[in-house]
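Structure file query.cif (mmCIF, C-alpha atoms) is printed below.
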data_data
#
loop_
_atom_site.label_atom_id
_atom_site.label_comp_id
_atom_site.auth_asym_id
_atom_site.auth_seq_id
_atom_site.Cartn_x
_atom_site.Cartn_y
_atom_site.Cartn_z
CA MET V 1 0.94 -2.64 13.35
CA GLN V 2 3.48 -5.40 12.82
CA THR V 3 1.94 -7.78 10.28
CA ILE V 4 1.16 -6.35 6.84
CA PHE V 5 -0.90 -8.07 4.13
CA ILE V 6 -0.53 -6.59 0.65
CA VAL V 7 -3.04 -7.43 -2.08
CA GLY V 8 -1.47 -7.30 -5.53
CA ALA V 9 2.14 -8.10 -6.44
CA GLY V 10 2.53 -5.68 -9.32
CA THR V 11 4.86 -2.68 -9.39
CA MET V 12 3.14 -0.85 -6.53
CA GLY V 13 2.45 -3.89 -4.36
CA SER V 14 6.00 -5.21 -4.61
CA GLY V 15 7.40 -1.75 -3.90
CA ILE V 16 5.26 -1.39 -0.78
CA ALA V 17 6.28 -4.89 0.32
CA GLN V 18 9.95 -3.97 -0.05
CA VAL V 19 9.82 -0.77 2.01
CA ALA V 20 7.67 -2.40 4.71
CA ALA V 21 10.03 -5.37 5.01
CA GLN V 22 13.09 -3.10 5.01
CA SER V 23 11.51 -1.26 7.94
CA GLY V 24 11.22 -4.49 9.92
CA PHE V 25 7.59 -5.44 9.32
CA SER V 26 6.40 -8.96 8.59
CA VAL V 27 4.85 -8.91 5.12
CA ARG V 28 2.54 -11.30 3.30
CA LEU V 29 2.34 -10.45 -0.42
CA TYR V 30 -0.75 -11.83 -2.17
CA ASP V 31 -1.53 -12.31 -5.84
CA ILE V 32 -3.66 -14.77 -7.78
CA SER V 33 -0.68 -15.43 -10.07
CA THR V 34 2.26 -17.49 -8.82
CA GLN V 35 4.34 -16.17 -11.71
CA GLN V 36 3.60 -12.58 -10.69
CA LEU V 37 4.69 -13.36 -7.14
CA GLU V 38 7.94 -14.86 -8.44
CA ARG V 39 8.55 -11.74 -10.56
CA ALA V 40 7.85 -9.54 -7.56
CA ARG V 41 10.39 -11.37 -5.38
CA ALA V 42 12.97 -11.18 -8.17
CA THR V 43 12.37 -7.44 -8.56
CA ILE V 44 12.65 -6.82 -4.82
CA SER V 45 15.86 -8.88 -4.67
CA ALA V 46 17.34 -6.91 -7.57
CA ASN V 47 16.39 -3.61 -5.91
CA LEU V 48 18.07 -4.69 -2.69
CA ASP V 49 21.16 -5.84 -4.60
CA ARG V 50 21.52 -2.31 -5.99
CA LEU V 51 21.36 -0.91 -2.47
CA VAL V 52 24.03 -3.35 -1.33
CA LYS V 53 26.23 -2.37 -4.28
CA LYS V 54 25.83 1.31 -3.32
CA GLU V 55 26.67 0.37 0.29
CA LYS V 56 23.30 1.67 1.50
CA LEU V 57 22.40 -1.81 2.76
CA THR V 58 24.43 -4.76 3.98
CA ALA V 59 24.11 -8.24 2.49
CA ALA V 60 22.80 -9.42 5.85
CA ASP V 61 20.12 -6.71 5.81
CA LYS V 62 19.11 -7.77 2.31
CA ASP V 63 18.70 -11.39 3.42
CA ALA V 64 16.72 -10.32 6.49
CA THR V 65 14.42 -8.14 4.37
CA LEU V 66 13.66 -10.97 1.94
CA ALA V 67 13.06 -13.35 4.86
CA ARG V 68 10.34 -11.03 6.16
CA ILE V 69 8.37 -11.32 2.88
CA ALA V 70 6.13 -14.36 2.45
CA THR V 71 3.92 -14.86 -0.60
CA ALA V 72 0.40 -16.23 -0.92
CA THR V 73 -2.20 -17.05 -3.57
CA GLN V 74 -5.03 -17.26 -1.01
CA LEU V 75 -6.54 -14.49 1.12
CA ASP V 76 -6.73 -16.53 4.33
CA GLY V 77 -3.61 -14.81 5.72
CA VAL V 78 -5.62 -11.59 6.01
CA ALA V 79 -7.03 -12.90 9.31
CA SER V 80 -3.72 -12.33 11.14
CA ALA V 81 -2.85 -8.97 9.56
CA ASP V 82 -2.82 -5.67 11.47
CA LEU V 83 -2.80 -3.64 8.26
CA VAL V 84 -4.12 -4.68 4.84
CA ILE V 85 -3.00 -2.64 1.82
CA GLU V 86 -4.82 -3.18 -1.46
CA ALA V 87 -2.67 -2.47 -4.52
CA ALA V 88 -4.69 -4.21 -7.20
CA SER V 89 -5.56 -2.86 -10.64
CA GLU V 90 -7.42 0.47 -10.88
CA ASN V 91 -10.74 -1.24 -11.47
CA GLU V 92 -13.59 0.01 -9.30
CA ALA V 93 -15.68 -3.16 -9.42
CA LEU V 94 -12.64 -5.27 -8.51
CA LYS V 95 -11.76 -3.05 -5.57
CA LEU V 96 -15.30 -3.05 -4.20
CA GLU V 97 -15.41 -6.84 -4.41
CA LEU V 98 -12.00 -7.13 -2.76
CA PHE V 99 -12.87 -4.83 0.13
CA ALA V 100 -16.07 -6.73 0.87
CA LYS V 101 -13.98 -9.92 1.11
CA LEU V 102 -11.18 -8.27 3.11
CA ASP V 103 -13.69 -6.79 5.55
CA ALA V 104 -15.15 -10.24 6.19
CA LEU V 105 -11.76 -11.92 6.61
CA ALA V 106 -9.79 -9.33 8.60
CA LYS V 107 -9.89 -9.09 12.38
CA PRO V 108 -12.09 -6.23 13.68
CA GLU V 109 -9.18 -4.00 14.71
CA ALA V 110 -7.27 -4.33 11.43
CA ILE V 111 -7.00 -1.30 9.14
CA LEU V 112 -7.96 -1.68 5.48
CA ALA V 113 -6.13 0.68 3.10
CA SER V 114 -6.29 1.20 -0.64
CA ASN V 115 -3.40 2.43 -2.77
CA THR V 116 -5.85 3.77 -5.38
CA SER V 117 -4.91 7.02 -7.07
CA SER V 118 -8.37 7.91 -8.38
CA ILE V 119 -11.22 5.78 -7.01
CA SER V 120 -13.33 7.23 -4.19
CA ILE V 121 -12.33 5.94 -0.75
CA THR V 122 -15.86 6.76 0.38
CA LYS V 123 -17.26 4.34 -2.21
CA ILE V 124 -14.68 1.67 -1.31
CA ALA V 125 -15.48 2.04 2.40
CA ALA V 126 -19.20 1.65 1.65
CA ALA V 127 -18.47 -1.89 0.43
CA THR V 128 -17.51 -2.83 4.01
CA LYS V 129 -19.47 -3.17 7.25
CA ASN V 130 -16.98 -1.02 9.16
CA PRO V 131 -16.05 2.03 7.03
CA ALA V 132 -14.33 3.68 10.01
CA ARG V 133 -11.30 1.45 9.46
CA VAL V 134 -11.01 2.10 5.71
CA ILE V 135 -8.53 4.67 4.39
CA GLY V 136 -6.54 5.57 1.30
CA MET V 137 -2.76 5.11 1.37
CA HIS V 138 -1.53 6.40 -1.99
CA PHE V 139 2.15 5.60 -2.60
CA PHE V 140 3.98 6.96 -5.63
CA ASN V 141 6.05 5.04 -8.15
CA PRO V 142 8.77 3.93 -7.65
CA VAL V 143 7.77 3.27 -4.05
CA PRO V 144 11.28 2.59 -2.63
CA VAL V 145 12.59 6.03 -3.67
CA SER V 146 9.46 8.24 -3.69
CA ASP V 147 9.14 10.16 -0.43
CA LEU V 148 5.49 11.23 -0.44
CA VAL V 149 2.47 9.15 0.62
CA GLU V 150 -1.05 10.59 0.44
CA ILE V 151 -3.30 9.46 3.28
CA VAL V 152 -6.85 9.84 2.01
CA ARG V 153 -9.51 10.14 4.67
CA ALA V 154 -13.16 9.46 3.84
CA PRO V 155 -15.94 11.05 5.93
CA ALA V 156 -16.41 7.79 7.85
CA THR V 157 -12.69 7.15 8.44
CA SER V 158 -11.98 7.34 12.18
CA GLU V 159 -9.38 9.63 13.72
CA SER V 160 -7.63 6.61 15.24
CA THR V 161 -7.34 4.96 11.82
CA THR V 162 -5.91 8.15 10.31
CA ALA V 163 -3.43 8.64 13.17
CA ALA V 164 -2.27 5.01 13.08
CA VAL V 165 -1.67 5.08 9.32
CA ARG V 166 0.16 8.41 9.50
CA THR V 167 2.47 7.03 12.20
CA TRP V 168 3.08 3.84 10.22
CA VAL V 169 3.91 5.71 7.01
CA GLN V 170 6.31 7.99 8.87
CA GLY V 171 7.92 4.87 10.34
CA LEU V 172 8.82 3.86 6.78
CA GLY V 173 10.80 7.09 6.47
CA LYS V 174 8.15 8.59 4.18
CA SER V 175 6.46 11.99 4.31
CA ALA V 176 2.73 11.65 4.99
CA VAL V 177 0.15 14.22 3.87
CA VAL V 178 -3.46 13.75 5.01
CA VAL V 179 -6.15 14.84 2.53
CA ASN V 180 -9.92 14.49 2.41
CA ASP V 181 -11.49 12.15 -0.11
CA SER V 182 -12.27 14.02 -3.34
CA PRO V 183 -11.80 13.36 -7.07
CA GLY V 184 -8.11 12.95 -7.84
CA PHE V 185 -7.06 13.58 -4.21
CA ALA V 186 -4.46 16.32 -3.68
CA THR V 187 -1.54 15.51 -5.95
CA SER V 188 -3.61 14.69 -9.04
CA ARG V 189 -5.51 17.96 -8.69
CA LEU V 190 -2.23 19.80 -8.22
CA GLY V 191 -0.85 18.18 -11.37
CA VAL V 192 -3.87 19.32 -13.37
CA CYS V 193 -3.50 22.86 -12.03
CA LEU V 194 0.18 22.95 -12.90
CA GLY V 195 -0.55 21.57 -16.38
CA LEU V 196 -3.17 24.21 -17.04
CA GLU V 197 -0.81 26.91 -15.85
CA ALA V 198 1.92 25.59 -18.18
CA ILE V 199 -0.54 25.68 -21.11
CA ARG V 200 -1.41 29.29 -20.30
#
Take the structure in the file and give it back as structure tokens.
Amino acid sequence: MQTIFIVGAGTMGSGIAQVAAQSGFSVRLYDISTQQLERARATISANLDRLVKKEKLTAADKDATLARIATATQLDGVASADLVIEAASENEALKLELFAKLDALAKPEAILASNTSSISITKIAAATKNPARVIGMHFFNPVPVSDLVEIVRAPATSESTTAAVRTWVQGLGKSAVVVNDSPGFATSRLGVCLGLEAIR
């Protein structure tokens, strides 16, 4: 998977774009708002500047990372993507509509992932004609410094999709944990358990 299309240029989308581009992937960052895309590029640039200042990144690496990120206000670039990551607002109706569109636009072998932290991947996959290629890829905020990524597998998600996403996430230098689709996934349920224990 070399070409990554990210839907949504908010905090999560821009963070995912940064780490993917830093890892050498070609990224297309989509949002309906040109202003949001400009803010996302400015945020990514500022993040990279901090890394250069801390000598964790060279100026040349920063320039190369930014050069690998293109922006778009249309979804047509999905057709050339190997991996599509949806990082739009946590709105179920919006996500279902988006995945129906992405499924129609993406090439058959492309993987469709959602960064949702709470919405059922099974329900999202049902909005597509090929649920085997749909998976959850839950990054944590802030994406550039958070190590863990939850890979959320729905009943229809294929083993090849799961394996490919796990390998890709590990290639970003992240720790991948595969969980089955269920309310709140693994980390949210763990947080609730810890909270209840603290109350006790």
**Request:** Let me know the residues the PyMOL selection byres ((chain V and resi 93-99) around 8) catches in the file above, as an MDAnalysis selection string.
**Result:** chainID V and resid 88:92 100:103 112 123:125 127:128
**Residue members of the PyMOL selection byres ((chain V and resi 18-22) around 8) in the file shown, as a PyMOL selection string** = chain V and resi 4+14-17+23-27+44+61+65-66+68-69+143-144+172
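Taking atom CA of V:Ala154 and atom CA of V:Gln74 as the two end points, the separation is 28.3 Å.
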**Expected selection from the PyMOL selection byres ((chain V and resi 30) around 6), given as a PyMOL selection string** = chain V and resi 6-8+29+31+71-73
Residues as selected, C-alpha atoms, written as a CSV table (one decimal), keeping the file's coordinate frame, can you do that?
chain,number,residue,atom,x,y,z
V,6,ILE,CA,-0.5,-6.6,0.6
V,7,VAL,CA,-3.0,-7.4,-2.1
V,8,GLY,CA,-1.5,-7.3,-5.5
V,29,LEU,CA,2.3,-10.4,-0.4
V,31,ASP,CA,-1.5,-12.3,-5.8
V,71,THR,CA,3.9,-14.9,-0.6
V,72,ALA,CA,0.4,-16.2,-0.9
V,73,THR,CA,-2.2,-17.0,-3.6
**Item:** Residue among V:Val179, V:Leu75, V:Val134, V:Ala87 lying closest to V:Ala9, counting all atoms listed in the file
**Value:** V:Ala87
**Residue nearest V:Ile32 - candidates V:Ala126, V:Gly10, V:Leu48, V:Ala106, atoms counted: all atoms listed in the file** =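 Of V:Ala126, V:Gly10, V:Leu48, V:Ala106, the one nearest V:Ile32, counting all atoms listed in the file, is V:Gly10.
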Draw an axis-aligned box tight on the listed atoms of stretch 159-169 of chain V, then pad every side by 5 Å and write out centre and edge lengths in Å to one decimal as AutoDock Vina command-line options.
--center_x -2.7 --center_y 6.7 --center_z 11.1 --size_x 23.3 --size_y 15.8 --size_z 18.2
**Request:** Could you check how far atom CA of V:Ile119 sits from atom CA of V:Ser182, in Å to one decimal?
**Result:**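 Separating atom CA of V:Ile119 from atom CA of V:Ser182 is a distance of 9.1 Å.
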**Residue nearest V:Asp63 - candidates V:Ala132, V:Ala46, V:Val84, V:Ala163, atoms counted: only C-alpha atoms** = V:Ala46
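Minimum atom-to-atom distance to V:Val177, evaluated using all atoms listed in the file, belongs to V:Ile151 out of V:Val165, V:Ile85, V:Ile151, V:Ser158.
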**Request:** Quick one: pull the distance between atom CA of V:Thr161 and atom CA of V:Ile111, Å, one decimal.
**Result:**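 That distance, rounded to one decimal, is 6.8 Å.
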**Message:** Can you tell me which residues surround V:Pro108 at a distance of at most 10 Å, considering all atoms listed in the file, apart from same-chain residues fewer than 4 positions away, and format the answer as a list in words?
**Reply:** Ala79, Asp82, Asp103, Ala104, Asn130 and Arg133 of chain V
**Item:** Selected residue of minimal separation from V:Phe140 among V:Ala42, V:Met1, V:Ala176, V:Ile121, counting all atoms listed in the file
**Value:** V:Ala176
